[in-house]
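model15.txt follows; it contains compact mmCIF, C-alpha atoms.
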# COMPACT_ATOMS: atom_id res chain seq x y z
CA MET W 1 -16.74 26.98 -6.30
CA SER W 2 -18.16 24.87 -9.11
CA ASN W 3 -16.11 23.19 -11.86
CA THR W 4 -17.21 25.89 -14.28
CA ASP W 5 -16.16 28.69 -11.91
CA ILE W 6 -12.75 27.13 -11.42
CA ILE W 7 -12.11 26.43 -15.11
CA LEU W 8 -13.31 29.84 -16.28
CA SER W 9 -11.43 31.80 -13.61
CA ILE W 10 -8.14 30.00 -14.16
CA GLN W 11 -8.39 30.06 -17.94
CA LEU W 12 -9.32 33.75 -17.96
CA GLY W 13 -5.96 34.46 -16.35
CA GLY W 14 -5.09 37.70 -14.58
CA ASN W 15 -6.69 38.56 -11.25
CA GLU W 16 -9.49 36.01 -11.67
CA ARG W 17 -6.92 33.23 -11.87
CA SER W 18 -4.96 34.55 -8.87
CA GLN W 19 -8.10 34.82 -6.74
CA ALA W 20 -9.28 31.33 -7.68
CA LEU W 21 -5.86 29.84 -6.87
CA HIS W 22 -5.76 31.71 -3.58
CA LYS W 23 -9.19 30.30 -2.64
CA ILE W 24 -7.98 26.80 -3.45
CA PHE W 25 -4.86 27.43 -1.37
CA GLU W 26 -7.07 28.36 1.59
CA ASN W 27 -9.43 25.42 1.21
CA ASN W 28 -9.29 23.57 4.52
CA ASP W 29 -11.04 20.46 3.20
CA LEU W 30 -8.33 19.98 0.58
CA HIS W 31 -5.56 20.57 3.11
CA SER W 32 -7.16 18.06 5.48
CA ALA W 33 -7.65 15.38 2.84
CA ILE W 34 -4.09 15.70 1.54
CA THR W 35 -2.57 15.85 5.02
CA LYS W 36 -4.51 12.75 6.03
CA HIS W 37 -3.34 10.86 2.94
CA VAL W 38 0.32 11.84 3.36
CA LEU W 39 0.38 11.07 7.10
CA MET W 40 -1.24 7.69 6.46
CA HIS W 41 1.49 6.90 3.95
CA ARG W 42 4.65 7.55 5.94
CA GLY W 43 4.81 11.29 5.31
CA SER W 44 5.12 14.24 7.63
CA GLU W 45 3.13 17.39 8.03
CA GLN W 46 5.84 19.28 6.08
CA ASP W 47 5.61 16.69 3.28
CA ALA W 48 1.87 17.33 3.11
CA GLN W 49 2.42 21.07 2.77
CA ASP W 50 4.98 20.52 0.01
CA VAL W 51 2.66 18.13 -1.80
CA PHE W 52 -0.18 20.66 -1.56
CA GLN W 53 1.99 23.39 -3.08
CA GLU W 54 3.22 21.22 -5.96
CA THR W 55 -0.34 20.01 -6.55
CA LEU W 56 -1.62 23.57 -6.81
CA ILE W 57 1.03 24.34 -9.44
CA LEU W 58 0.15 21.23 -11.45
CA PHE W 59 -3.59 21.77 -11.08
CA ASP W 60 -3.26 25.32 -12.41
CA ARG W 61 -1.36 24.01 -15.43
CA GLN W 62 -3.82 21.18 -16.10
CA VAL W 63 -6.74 23.61 -16.08
CA ARG W 64 -4.99 26.22 -18.23
CA LEU W 65 -3.99 23.60 -20.79
CA ALA W 66 -7.59 22.33 -20.85
CA LYS W 67 -6.52 18.89 -19.64
CA PHE W 68 -9.07 19.11 -16.85
CA ARG W 69 -12.44 19.37 -18.56
CA GLY W 70 -14.68 19.07 -15.56
CA THR W 71 -15.72 15.46 -16.06
CA CYS W 72 -15.29 14.88 -12.33
CA ASP W 73 -15.43 17.27 -9.38
CA TRP W 74 -12.40 19.56 -9.35
CA LYS W 75 -11.63 18.68 -5.72
CA THR W 76 -11.52 14.97 -6.59
CA TYR W 77 -9.17 15.80 -9.44
CA PHE W 78 -7.00 17.98 -7.17
CA ILE W 79 -6.74 15.24 -4.53
CA GLY W 80 -5.97 12.74 -7.31
CA ILE W 81 -2.98 14.85 -8.38
CA ALA W 82 -1.82 15.10 -4.76
CA LYS W 83 -2.00 11.33 -4.28
CA TRP W 84 -0.07 10.83 -7.49
CA GLN W 85 2.51 13.42 -6.34
CA TRP W 86 3.06 11.68 -3.04
CA PHE W 87 3.15 8.26 -4.66
CA SER W 88 5.84 9.51 -7.10
CA ILE W 89 7.94 10.86 -4.24
CA LEU W 90 7.66 7.61 -2.28
CA ARG W 91 8.44 5.56 -5.37
CA LYS W 92 11.68 7.51 -5.86
CA SER W 93 12.83 7.10 -2.27
CA ALA W 94 12.04 3.43 -1.59
CA PRO W 95 9.85 0.53 -2.70
CA VAL W 96 6.30 1.26 -1.61
CA HIS W 97 3.33 -0.89 -0.86
CA ILE W 98 0.71 1.62 -1.85
CA ASN W 99 -2.07 0.20 -3.94
CA VAL W 100 -1.07 1.49 -7.39
CA GLU W 101 -4.60 1.06 -8.64
CA GLU W 102 -5.81 3.39 -5.96
CA VAL W 103 -3.62 6.12 -7.42
CA SER W 104 -4.18 5.39 -11.10
CA ARG W 105 -7.92 4.99 -10.66
CA GLU W 106 -8.10 8.72 -10.18
CA SER W 107 -7.66 9.08 -13.96
CA VAL W 108 -5.25 11.97 -13.54
CA VAL W 109 -2.00 10.02 -13.81
CA MET W 110 -1.66 9.99 -17.59
CA ASP W 111 -2.88 13.57 -17.83
CA VAL W 112 -0.39 14.89 -15.32
CA GLU W 113 2.59 12.85 -16.44
CA SER W 114 2.15 14.05 -20.02
CA SER W 115 2.43 17.70 -19.00
CA LEU W 116 5.46 17.39 -16.73
CA ILE W 117 8.74 19.00 -17.79
CA ASP W 118 11.58 16.59 -17.02
CA SER W 119 14.53 17.83 -14.98
CA GLU W 120 17.09 17.71 -17.81
CA ARG W 121 14.86 19.77 -20.11
CA ARG W 122 14.08 22.15 -17.25
CA GLU W 123 17.79 22.69 -16.62
CA ILE W 124 18.42 23.65 -20.26
CA ILE W 125 15.39 25.93 -20.38
CA ASP W 126 16.62 27.65 -17.20
CA LYS W 127 19.91 28.34 -18.96
CA ILE W 128 18.13 29.77 -22.00
CA LEU W 129 15.93 31.93 -19.79
CA GLU W 130 19.02 33.32 -18.07
CA GLN W 131 19.88 34.89 -21.42
CA MET W 132 16.57 36.69 -21.64
CA GLY W 133 16.07 40.01 -19.88
CA GLU W 134 13.35 40.52 -17.27
CA PRO W 135 11.11 42.54 -19.67
CA CYS W 136 11.13 39.60 -22.09
CA LYS W 137 10.28 37.14 -19.34
CA ASP W 138 7.40 39.37 -18.16
CA VAL W 139 5.93 39.73 -21.65
CA LEU W 140 6.15 35.99 -22.40
CA LYS W 141 4.67 35.02 -19.05
CA LEU W 142 1.72 37.41 -19.36
CA TYR W 143 1.15 36.41 -22.96
CA LYS W 144 0.97 32.75 -21.94
CA LEU W 145 -1.46 33.64 -19.16
CA SER W 146 -3.90 34.86 -21.84
CA PHE W 147 -3.60 38.55 -20.99
CA SER W 148 -4.52 40.74 -23.95
CA MET W 149 -1.90 43.02 -25.52
CA GLU W 150 -3.76 45.96 -23.94
CA GLU W 151 -3.62 44.40 -20.47
CA ILE W 152 0.06 43.53 -20.81
CA GLY W 153 0.69 47.10 -21.98
CA GLN W 154 -1.09 48.50 -18.92
CA LYS W 155 0.89 46.30 -16.56
CA LEU W 156 4.25 47.04 -18.14
CA GLY W 157 3.63 50.68 -19.09
CA MET W 158 3.78 50.06 -22.84
CA THR W 159 1.43 50.52 -25.77
CA PRO W 160 -0.28 47.38 -27.13
CA ASP W 161 1.70 47.72 -30.35
CA SER W 162 5.03 47.83 -28.57
CA VAL W 163 3.98 44.80 -26.50
CA LYS W 164 3.31 42.91 -29.72
CA THR W 165 6.69 43.93 -31.14
CA ARG W 166 8.43 43.05 -27.85
CA ALA W 167 6.73 39.62 -27.71
CA CYS W 168 7.84 38.84 -31.29
CA LYS W 169 11.40 39.98 -30.61
CA CYS W 170 11.57 37.98 -27.38
CA ARG W 171 10.42 34.79 -29.07
CA GLU W 172 12.93 35.47 -31.84
CA LYS W 173 15.68 35.99 -29.28
CA PHE W 174 14.74 32.74 -27.59
CA ARG W 175 14.82 30.81 -30.87
CA ASN W 176 18.05 32.40 -32.03
CA PHE W 177 19.74 31.41 -28.81
CA VAL W 178 18.67 27.79 -29.27
CA GLU W 179 19.68 27.83 -32.96
CA LYS W 180 23.13 29.15 -32.08
CA ASN W 181 23.67 26.40 -29.51
CA PRO W 182 23.49 23.07 -31.34
CA HIS W 183 24.48 21.37 -28.11
CA TYR W 184 21.16 22.41 -26.57
CA LYS W 185 19.30 21.41 -29.72
CA ASN W 186 20.79 17.94 -29.52
CA LEU W 187 19.96 17.59 -25.86
CA LEU W 188 16.43 18.75 -26.53
CA ASN W 189 16.05 16.45 -29.54
CA ILE W 190 15.31 19.33 -31.90
CA VAL W 191 16.31 18.36 -35.44
CA MET M 1 2.76 26.33 -45.65
CA ALA M 2 3.84 29.68 -44.29
CA SER M 3 5.38 29.75 -40.84
CA PHE M 4 2.60 31.97 -39.48
CA GLU M 5 0.02 29.34 -40.42
CA HIS M 6 2.13 26.69 -38.72
CA PHE M 7 2.22 28.93 -35.65
CA GLU M 8 -1.57 29.26 -35.50
CA TRP M 9 -2.11 25.56 -36.15
CA ILE M 10 0.37 24.49 -33.46
CA GLU M 11 -1.10 26.94 -30.93
CA ALA M 12 -4.59 25.57 -31.57
CA TYR M 13 -3.32 22.00 -31.17
CA LEU M 14 -1.50 22.78 -27.93
CA LYS M 15 -4.41 24.78 -26.54
CA GLY M 16 -6.70 21.82 -27.22
CA THR M 17 -9.08 23.83 -29.40
CA LEU M 18 -8.95 21.51 -32.45
CA SER M 19 -11.77 19.03 -33.08
CA ASP M 20 -10.89 15.31 -32.99
CA ASP M 21 -10.63 15.19 -36.79
CA GLU M 22 -8.48 18.34 -36.91
CA LYS M 23 -6.28 16.89 -34.20
CA LYS M 24 -5.76 13.68 -36.20
CA ALA M 25 -4.97 15.71 -39.32
CA PHE M 26 -2.42 17.74 -37.39
CA GLU M 27 -0.73 14.63 -35.99
CA GLN M 28 -0.56 13.08 -39.47
CA ALA M 29 0.98 16.25 -40.87
CA LEU M 30 3.45 16.26 -38.02
CA ASN M 31 4.66 12.80 -39.07
CA CYS M 32 4.99 13.80 -42.72
CA SER M 33 6.47 17.29 -42.59
CA SER M 34 9.91 17.82 -41.10
CA ASP M 35 9.36 21.61 -41.25
CA LEU M 36 6.23 21.33 -39.17
CA ALA M 37 7.90 18.87 -36.81
CA GLN M 38 10.82 21.24 -36.25
CA GLU M 39 8.51 24.19 -35.73
CA PHE M 40 6.46 22.11 -33.32
CA GLU M 41 9.49 21.12 -31.23
CA MET M 42 10.61 24.75 -31.01
CA HIS M 43 7.10 25.86 -30.13
CA LEU M 44 6.92 23.21 -27.44
CA LEU M 45 10.19 24.46 -26.01
CA GLU M 46 8.86 28.02 -25.85
CA TRP M 47 5.69 26.78 -24.19
CA ASP M 48 7.69 24.90 -21.58
CA ALA M 49 9.83 27.99 -20.96
CA MET M 50 6.71 30.09 -20.45
CA GLU M 51 5.28 27.41 -18.15
CA ILE M 52 8.44 27.58 -16.05
CA LEU M 53 8.07 31.38 -15.79
CA ILE M 54 4.43 31.00 -14.73
CA GLU M 55 5.42 28.34 -12.22
CA ARG M 56 8.07 30.61 -10.68
CA ASP M 57 5.51 33.39 -10.45
CA LEU M 58 2.96 31.12 -8.74
CA ARG M 59 5.59 29.90 -6.27
CA ASP M 60 6.24 33.54 -5.32
CA GLN M 61 2.51 34.11 -4.86
CA ILE M 62 2.22 31.01 -2.68
CA LYS M 63 5.07 32.29 -0.48
CA GLY M 64 3.09 35.50 -0.03
CA TRP M 65 -0.07 33.59 0.90
CA GLN M 66 1.87 31.42 3.35
CA SER M 67 3.19 34.45 5.21
CA ALA M 68 -0.26 36.11 5.24
CA PRO M 69 -2.65 35.65 8.19
CA VAL M 70 -4.15 32.15 8.44
CA LYS M 71 -7.92 31.94 7.89
CA SER M 72 -9.76 29.90 10.47
CA ALA M 73 -12.44 27.54 9.18
CA ALA M 74 -14.17 27.59 12.56
CA ASN M 75 -14.99 31.28 12.81
CA GLN M 76 -14.18 32.47 9.27
CA ASP M 77 -11.99 35.31 10.49
CA TYR M 78 -8.28 35.81 10.20
CA ILE M 79 -5.84 34.73 12.86
CA ASP M 80 -2.28 35.96 12.90
CA SER M 81 -0.15 32.82 12.87
CA SER M 82 2.56 34.58 14.88
CA ALA M 83 -0.03 35.06 17.67
CA ILE M 84 -0.48 31.30 17.81
CA LYS M 85 3.24 30.91 18.50
CA LYS M 86 3.18 33.60 21.21
CA GLU M 87 -0.14 32.80 22.90
CA GLY M 88 -0.58 29.11 22.16
CA ILE M 89 -3.29 27.29 20.26
CA PRO M 90 -6.69 29.03 20.35
CA PRO M 91 -9.49 26.97 21.98
CA SER M 92 -11.22 26.39 18.62
CA MET M 93 -8.10 24.61 17.40
CA GLU M 94 -7.41 22.49 20.46
CA LEU M 95 -7.29 18.73 20.11
CA PRO M 96 -10.24 16.75 21.45
CA ASN M 97 -9.50 14.60 24.53
CA ASP M 98 -9.70 11.38 22.54
CA ALA M 99 -7.32 12.55 19.81
CA PRO M 100 -4.47 10.14 18.93
CA THR M 101 -1.59 10.86 21.27
CA ASP M 102 1.15 10.16 18.72
CA VAL M 103 0.22 13.28 16.74
CA HIS M 104 0.24 15.50 19.81
CA LYS M 105 3.44 17.31 18.99
CA PRO M 106 4.24 21.02 19.24
CA SER M 107 5.23 21.46 15.59
CA ILE M 108 1.82 20.49 14.23
CA SER M 109 0.29 23.11 11.93
CA PRO M 110 -2.93 25.00 12.62
CA LEU M 111 -4.53 23.28 9.62
CA LEU M 112 -3.75 19.89 11.04
CA TRP M 113 -5.12 20.97 14.41
CA GLN M 114 -8.32 21.86 12.62
CA PHE M 115 -8.39 18.53 10.84
CA PHE M 116 -8.01 16.54 14.04
CA ALA M 117 -10.44 18.80 15.85
CA LYS M 118 -13.06 18.11 13.18
CA ASN M 119 -12.46 14.37 12.93

Take the structure in the file and write it out as C-alpha cells.
Amino acid sequence: MSNTDIILSIQLGGNERSQALHKIFENNDLHSAITKHVLMHRGSEQDAQDVFQETLILFDRQVRLAKFRGTCDWKTYFIGIAKWQWFSILRKSAPVHINVEEVSRESVVMDVESSLIDSERREIIDKILEQMGEPCKDVLKLYKLSFSMEEIGQKLGMTPDSVKTRACKCREKFRNFVEKNPHYKNLLNIV
Amino acid sequence: MASFEHFEWIEAYLKGTLSDDEKKAFEQALNCSSDLAQEFEMHLLEWDAMEILIERDLRDQIKGWQSAPVKSAANQDYIDSSAIKKEGIPPSMELPNDAPTDVHKPSISPLLWQFFAKN
C-alpha cells in the first residue's frame, strides 16, 4: 500500500478505513520491526503486541486528523510512533538509557504528543459519555468518521434528515451536560 | 460572528483544511475573542469525546481480528491459531538451528516465530 492509498482509505472512513487498518494489523514486517525493537529494549512479546495495538490506534488518528501528510513512508511513520510509545512506557516505569535522539529523530513525537488526550480529561469525557445514549454515541462516532448523513441513515435505519436532527440534538445534549456541571468545566479549563 | 460560522471555522481549523494565512488569522482571532475561545474549547471537547468513541470501536475491531485466523506470510493462506496450540508449530514457522536459544520459549507468538525464521 502506498502513502496515498493509506491516507485516502483512512480519511474516506467507512469500510475503506476498516480494510486499510486490518491490512496494517496483518502486516508482518511491521509486527517484526516493532517486536524486534521492544525485545531489544527490555520488553516482552506481550509488550510488543500491546505497543502495536496502541500504535495502530494512534496512527489511525494521525492520518484522519491530517497530521500525517505522507512526507515519509507510512511504515517509517508507524514504526516511529511505536518506538515513541515504547519509550514513553519505559520512561514512566524507570530511568532509561535509550538514545532519546533516536526516538525524536523520527519526527513523529511532537505530532503524536499534541493529539493525545490526557488521562484526567479522558476520565471526565468518559463520565459525560455515560450520560449519552447509545444512539447518540453511534451518530457522533459515524459523523466524526466522515460518513455522510445518507450513510449514517442507512446504518442506523433512519432518514438523512432525522440523522441530522439527531446529531444536532446529541451535540446539544453533550454541551448542556457540560454547562450544567461547572465542576467539569473548571477541570477542563473551559471558561 | 454567528455561532454557525464559528462552527465551520473551527471545524476547518481542526481538520487542517485552512491555508497557513487562514490558520494564523484563526489563531489571532482565538486570542482576541473570548466567545470564539469558549466555542473552540467546547468544540475540542466534543472532538475528543468522538475520538474516544472511535478508539473504543477500533479496539473492538482489533479484538475481532486477534481472534480471527492468523495469516501466514510464508504461504499466504490462513492458519487457525488454535491448531498451532493443538498440533505444534508448523514447519514453516520453526526456528532455524542457529536461532538464539534464550528466545526459545513455548509462549512465543507465531509472528515472532516468523520473524526469527526470516532473520

Out of W:Phe177, W:Cys72, W:Phe25, W:Leu8, which residue has the shortest atom-to-atom distance to Ala68 in chain M when counting only C-alpha atoms?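 Checking each candidate against Ala68 in chain M, we get W:Phe25 as the closest.
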
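Nearest to chain W of all the residues M:Asp60, M:Glu5, M:Glu22, M:Asp48 is M:Asp48, counting only C-alpha atoms.
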
For chain W, list the residues within 7 Å of chain M, counting only C-alpha atoms, and write the list as number ranges by chain. W: 28, 32, 57, 65-66, 125, 140-141, 144, 190-191

Given only C-alpha atoms as the basis, pick out the residue of W:Lys92, W:Tyr77, W:Lys185, W:Phe59 nearest to Ile124 in chain W.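 Among the listed residues, W:Lys185 lies closest to Ile124 in chain W.
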
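Each of W:Phe174, W:Ser148, W:Leu30, W:Gln19 was compared to Gly133 in chain W using all atoms listed in the file, and W:Phe174 turns out to be the nearest.
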
Given the point (14.6, 40.7, -27.5) in the file's coordinates, find the residues that have an atom at most 10 Å from it, counting all atoms listed in the file, and give them as a ChimeraX atom specification. /W:131-133,135-137,165-174

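CA of Arg121 in chain W sits 26.0 Å away from CA of Phe4 in chain M.
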
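When CA of Asp161 in chain W is paired with CA of Met149 in chain W, their separation reads 7.6 Å.
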
Can you work out the spacing between CA of Lys36 in chain W and CA of Ser119 in chain W in Å, to one decimal?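 These two atoms are separated by 28.8 Å.
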
Would you kindly return, as number ranges by chain, each protein, DNA or RNA residue with an atom no farther than 12 Å from any atom of Phe68 in chain W, considering all atoms listed in the file and excluding same-chain residues fewer than 2 positions away? W: 3-4, 6-8, 10-11, 58-66, 70-78, 80-81, 107-112, 115; M: 16
